[in-house]
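The structure appears right after this line, and notes come after that.
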Amino acid sequence: MKKMMLLLLTALLSFSTHSYAKMIDGIAIIVEGEAITTAEISAVRKQLSLSKDKAIDVLIQDRLQKSAMKDIVIEENLIDKKIENIAAQNAVTISKMQKILKQQGTSWTQYRESINESLKKEKFYQEKVIASIPVPTEDEIKLFYKKHKKSFHIPSKITATEYSAPNEKKITTFIKTKKHAGIESRKIVKSTKEMDQTLLGMFLETPIGKYTKVINAGDKFITYKLRSKTGKVIMPFDVARPAIISAWKQQQQGKALEDYFKKLRTRANIQILR
């Protein structure tokens with residue numbers, strides 16, 4: 001929750017920075033030399049639906065994080081790679097992305113700086129938060145599953161279309177072009193309780209309407225297009241194990257982040273002006 005709050009705050013502040021710069025507004029708090037204005041407090045209260053005290057806490061944490069990240073440097077090629085990945089995920093070229101951003105009033109320099117900040121935050125979390133979390137014991141995993149069992153559910157039935165071809169090139173070409181020449185297909189309906197765990201994992205991570213990765217079945221190559229996922233059933237412990245560990249780590253990250261900033265705040269230079 002704390003991490004999510006900071007991410008929401010980052011988006012809000014990056015959107016509003018230039019507006020605040022144009023405003024003549026009183027400084028309410030100074031954290032490690034960084035000012036927090038009354039306008040920022042009001043904006044965070046409104047955007048995140050928080051009380052004044054909670055909004056102030058979030059803003060103080062944001063300034064403490066910026067102070068903690070001041071020595072983190074992200075190489076330009078990593079920023080380029082991140083932007084290329086974002087463009088690819090949205091099926092647009094870099095030049096098209098630049099045009100869209102310009103239409104929205106965001107310069108390319110501002111956008112690169114926002115990517116730089118997001119990468120710095122990722123590195124910060126990795127070094128200061130995630131690295132401090134130990135590997136969970138078997139007892140901790142089982143206890144977490146017992147307490148949150150209802151959270152670990154999957155569809156009880158999955159419907160898909162299986163497409164197969166005698167070689168990988170034909171099946172990958174089919175996925176790109178949707179041309180069925182040389183492709184065999186059949187509808188399948190699977191009960192998740194009876195499915196192979198590897199195939200189940202692949203089906204669960206594939207969105208409806210999308211294709212799974214290509215599978216080498218020995219005598220042919222197969223991909224599945226997911227049609228529907230219906231019903232609900234609680235996952236057995238062995239099946240849910242990766243999800244349990246992931247959820248446990250997320251919970252621990254929240255606690256570790258909160259503890260980190262509590263310690264940082266006790267020795268920080270914070271001046272309350274109004």
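Residue numbering restarts at 1 for every chain of the structure tokens, chains are lettered A, B, ... in their displayed order, and ligands are numbered from 1 as they appear.
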So which residues touch segment 204-213 of chain A within 12 Å, counting only C-alpha atoms, skipping near sequence neighbours fewer than 4 positions away, as a ChimeraX atom specification?
/A:153-163,168,171-172,174-176,178,192,195,197-200,221-230,239-240,243
With N, CA and C atoms kept, could you save the residues just selected as a CSV table (one decimal), in the first residue's frame?
chain,number,residue,atom,x,y,z
A,153,HIS,N,-7.0,-18.3,-5.6
A,153,HIS,CA,-8.0,-19.1,-6.4
A,153,HIS,C,-7.7,-18.9,-7.9
A,154,ILE,N,-8.2,-19.8,-8.7
A,154,ILE,CA,-8.0,-19.9,-10.1
A,154,ILE,C,-9.3,-20.2,-10.8
A,155,PRO,N,-9.5,-20.0,-12.1
A,155,PRO,CA,-10.7,-20.5,-12.8
A,155,PRO,C,-10.8,-22.0,-12.7
A,156,SER,N,-12.0,-22.5,-12.6
A,156,SER,CA,-12.2,-23.9,-12.5
A,156,SER,C,-12.2,-24.6,-13.9
A,157,LYS,N,-12.5,-23.7,-15.0
A,157,LYS,CA,-12.5,-24.2,-16.3
A,157,LYS,C,-11.9,-23.2,-17.3
A,158,ILE,N,-11.1,-23.7,-18.2
A,158,ILE,CA,-10.5,-22.9,-19.2
A,158,ILE,C,-10.8,-23.4,-20.6
A,159,THR,N,-11.3,-22.5,-21.5
A,159,THR,CA,-11.6,-22.9,-22.9
A,159,THR,C,-10.5,-22.2,-23.8
A,160,ALA,N,-10.0,-23.0,-24.8
A,160,ALA,CA,-9.0,-22.4,-25.7
A,160,ALA,C,-9.1,-23.1,-27.0
A,161,THR,N,-8.5,-22.5,-28.0
A,161,THR,CA,-8.3,-23.2,-29.3
A,161,THR,C,-6.9,-23.6,-29.5
A,162,GLU,N,-6.7,-24.8,-29.8
A,162,GLU,CA,-5.3,-25.3,-30.0
A,162,GLU,C,-5.0,-25.3,-31.4
A,163,TYR,N,-3.8,-24.6,-31.8
A,163,TYR,CA,-3.3,-24.6,-33.1
A,163,TYR,C,-2.0,-25.3,-33.2
A,168,GLU,N,8.0,-25.1,-36.4
A,168,GLU,CA,7.9,-23.9,-35.6
A,168,GLU,C,7.6,-22.6,-36.5
A,171,ILE,N,3.9,-22.1,-37.3
A,171,ILE,CA,3.1,-21.7,-36.2
A,171,ILE,C,3.3,-20.3,-35.8
A,172,THR,N,4.6,-19.9,-35.9
A,172,THR,CA,4.9,-18.5,-35.5
A,172,THR,C,4.4,-17.5,-36.6
A,174,PHE,N,1.7,-18.1,-38.4
A,174,PHE,CA,0.3,-18.1,-38.2
A,174,PHE,C,-0.1,-17.1,-37.1
A,175,ILE,N,0.7,-17.1,-36.0
A,175,ILE,CA,0.4,-16.1,-35.0
A,175,ILE,C,0.5,-14.7,-35.4
A,176,LYS,N,1.4,-14.4,-36.3
A,176,LYS,CA,1.6,-13.0,-36.9
A,176,LYS,C,0.5,-12.7,-37.9
A,178,LYS,N,-2.3,-14.8,-39.0
A,178,LYS,CA,-3.6,-15.5,-38.8
A,178,LYS,C,-4.0,-16.3,-40.0
A,192,THR,N,-9.2,-27.2,-14.6
A,192,THR,CA,-7.9,-26.8,-14.1
A,192,THR,C,-7.4,-27.8,-13.1
A,195,MET,N,-5.4,-30.4,-15.1
A,195,MET,CA,-4.4,-30.0,-16.1
A,195,MET,C,-3.0,-30.2,-15.6
A,197,GLN,N,0.6,-29.0,-14.6
A,197,GLN,CA,0.9,-27.8,-14.0
A,197,GLN,C,1.6,-26.8,-14.8
A,198,THR,N,2.5,-27.3,-15.7
A,198,THR,CA,3.2,-26.4,-16.6
A,198,THR,C,2.2,-25.7,-17.6
A,199,LEU,N,1.3,-26.5,-18.2
A,199,LEU,CA,0.3,-25.9,-19.1
A,199,LEU,C,-0.6,-25.0,-18.4
A,200,LEU,N,-1.0,-25.4,-17.2
A,200,LEU,CA,-1.9,-24.6,-16.4
A,200,LEU,C,-1.3,-23.2,-16.1
A,221,PHE,N,4.4,-28.5,-33.4
A,221,PHE,CA,4.5,-27.3,-32.5
A,221,PHE,C,3.1,-26.7,-32.3
A,222,ILE,N,2.9,-26.3,-31.0
A,222,ILE,CA,1.5,-25.9,-30.6
A,222,ILE,C,1.5,-24.6,-30.0
A,223,THR,N,0.4,-23.8,-30.2
A,223,THR,CA,0.1,-22.6,-29.5
A,223,THR,C,-1.4,-22.7,-29.1
A,224,TYR,N,-1.8,-22.0,-28.1
A,224,TYR,CA,-3.2,-22.0,-27.7
A,224,TYR,C,-3.7,-20.5,-27.6
A,225,LYS,N,-4.9,-20.3,-28.2
A,225,LYS,CA,-5.5,-19.0,-28.0
A,225,LYS,C,-6.6,-19.1,-26.9
A,226,LEU,N,-6.4,-18.3,-25.9
A,226,LEU,CA,-7.3,-18.4,-24.7
A,226,LEU,C,-8.7,-17.8,-25.1
A,227,ARG,N,-9.7,-18.5,-24.9
A,227,ARG,CA,-11.1,-18.1,-25.2
A,227,ARG,C,-11.9,-17.6,-23.9
A,228,SER,N,-11.8,-18.4,-22.9
A,228,SER,CA,-12.5,-18.0,-21.6
A,228,SER,C,-11.9,-18.7,-20.4
A,229,LYS,N,-12.1,-18.1,-19.3
A,229,LYS,CA,-11.7,-18.6,-18.0
A,229,LYS,C,-12.9,-18.5,-17.1
A,230,THR,N,-13.5,-19.5,-16.7
A,230,THR,CA,-14.7,-19.4,-15.9
A,230,THR,C,-14.7,-20.2,-14.6
A,239,VAL,N,0.3,-26.1,-5.9
A,239,VAL,CA,0.1,-25.4,-7.1
A,239,VAL,C,0.2,-23.9,-6.9
A,240,ALA,N,-0.2,-23.4,-5.7
A,240,ALA,CA,-0.2,-22.0,-5.4
A,240,ALA,C,1.1,-21.5,-4.9
A,243,ALA,N,2.7,-18.4,-6.2
A,243,ALA,CA,1.9,-17.2,-6.0
A,243,ALA,C,1.9,-16.8,-4.5
Going by DSSP on the backbone, which bits of segment 108-218 of chain A are helix (DSSP H, G or I)? Write them as a PyMOL selection string, please.
chain A and resi 108-132+138-147+149-151+168-177+192-194+197-205
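Atom CA of Gln103 of chain A to atom CA of Lys66 of chain A spans 29.3 Å [interatomic distance, one decimal].
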Strand (DSSP E or B) residues, from DSSP on the backbone, in segment 16-108 of chain A, as a PyMOL selection string:
chain A and resi 27-31+34-37
Kindly save the residues from that selection, with C-alpha atoms included, as a short mmCIF file (atom, residue, chain, number, x, y, z; two decimals), in the first residue's frame.
data_model
loop_
_atom_site.label_atom_id
_atom_site.label_comp_id
_atom_site.auth_asym_id
_atom_site.auth_seq_id
_atom_site.Cartn_x
_atom_site.Cartn_y
_atom_site.Cartn_z
CA ILE A 27 6.10 26.70 1.95
CA ALA A 28 4.63 24.49 4.65
CA ILE A 29 7.49 22.05 5.36
CA ILE A 30 11.15 21.68 4.44
CA VAL A 31 12.54 18.12 4.33
CA GLU A 34 13.33 20.21 -0.19
CA ALA A 35 10.20 22.31 0.18
CA ILE A 36 6.62 21.05 0.47
CA THR A 37 4.03 23.68 -0.35
#
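Pairwise distance (atom CA of Met235 of chain A, atom CA of Gln253 of chain A) equals 23.8 Å.
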Taking only C-alpha atoms into account, name the residue in A:Asn116, A:Asn167, A:Gln250, A:Ser191 that is nearest to Gly218 of chain A.
A:Asn167
Rank nothing, just name the residue among A:Tyr145, A:Val214, A:Glu32, A:Lys193 nearest to Pro242 of chain A, using only C-alpha atoms.
A:Tyr145
Hey, what's within 12 Å of Lys147 of chain A if we count only C-alpha atoms and toss same-chain stuff fewer than 6 positions away? As a PyMOL selection string, please?
chain A and resi 140-141+244+247-248
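For segment 256-271 of chain A, the non-local neighbours within 8 Å, defined as residues at least 2 positions apart in the same chain or in other chains and counting only C-alpha atoms, are Lys2, Lys3, Ile29, Ile30, Val31, Glu32, Gly33, Gln61, Leu64, Lys128, Val129, Ile130, Ser132, Ile133, Gln252, Gln253, Gly254 and Leu273 of chain A.
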For the selection just defined, write its residues with N, CA and C atoms to a file, as a CSV table (one decimal), in the first residue's frame.
chain,number,residue,atom,x,y,z
A,2,LYS,N,1.9,1.2,0.8
A,2,LYS,CA,2.8,2.4,0.9
A,2,LYS,C,3.5,2.6,-0.4
A,3,LYS,N,4.0,1.5,-1.1
A,3,LYS,CA,4.6,1.6,-2.4
A,3,LYS,C,3.6,2.2,-3.4
A,29,ILE,N,6.5,22.9,4.7
A,29,ILE,CA,7.5,22.0,5.4
A,29,ILE,C,8.7,22.0,4.5
A,30,ILE,N,9.9,21.9,5.1
A,30,ILE,CA,11.2,21.7,4.4
A,30,ILE,C,11.7,20.4,4.9
A,31,VAL,N,12.0,19.4,4.0
A,31,VAL,CA,12.5,18.1,4.3
A,31,VAL,C,13.9,18.0,3.6
A,32,GLU,N,15.0,17.9,4.4
A,32,GLU,CA,16.3,17.7,3.8
A,32,GLU,C,16.6,18.8,2.7
A,33,GLY,N,16.1,20.0,3.0
A,33,GLY,CA,16.3,21.1,2.0
A,33,GLY,C,15.3,21.2,0.9
A,61,GLN,N,7.5,11.5,3.0
A,61,GLN,CA,8.1,10.3,2.5
A,61,GLN,C,8.7,10.4,1.1
A,64,LEU,N,11.9,12.3,1.4
A,64,LEU,CA,12.9,11.5,2.0
A,64,LEU,C,13.5,10.5,1.0
A,128,LYS,N,17.4,-0.9,-1.4
A,128,LYS,CA,17.1,-0.6,0.0
A,128,LYS,C,16.0,-1.4,0.6
A,129,VAL,N,15.1,-1.9,-0.2
A,129,VAL,CA,13.9,-2.6,0.3
A,129,VAL,C,14.0,-4.1,0.1
A,130,ILE,N,13.9,-4.5,-1.2
A,130,ILE,CA,13.8,-5.9,-1.6
A,130,ILE,C,15.0,-6.7,-1.1
A,132,SER,N,16.7,-6.4,1.5
A,132,SER,CA,16.6,-6.6,2.9
A,132,SER,C,15.6,-7.7,3.4
A,133,ILE,N,14.9,-8.2,2.4
A,133,ILE,CA,13.8,-9.2,2.7
A,133,ILE,C,14.4,-10.6,2.6
A,252,GLN,N,5.9,-8.3,2.7
A,252,GLN,CA,7.1,-8.0,3.4
A,252,GLN,C,7.8,-6.7,2.8
A,253,GLN,N,7.6,-6.5,1.5
A,253,GLN,CA,8.1,-5.3,0.9
A,253,GLN,C,7.5,-4.0,1.5
A,254,GLY,N,6.1,-4.1,1.7
A,254,GLY,CA,5.4,-3.0,2.3
A,254,GLY,C,5.9,-2.7,3.7
A,273,LEU,N,6.9,24.5,9.1
A,273,LEU,CA,6.8,26.0,9.1
A,273,LEU,C,5.3,26.5,9.3
Excluding Arg45 of chain A and its own-chain neighbours fewer than 6 positions away, which residues fall within 9 Å of it when counting only C-alpha atoms? Please give them as a PyMOL selection string.
chain A and resi 51-52+54-56
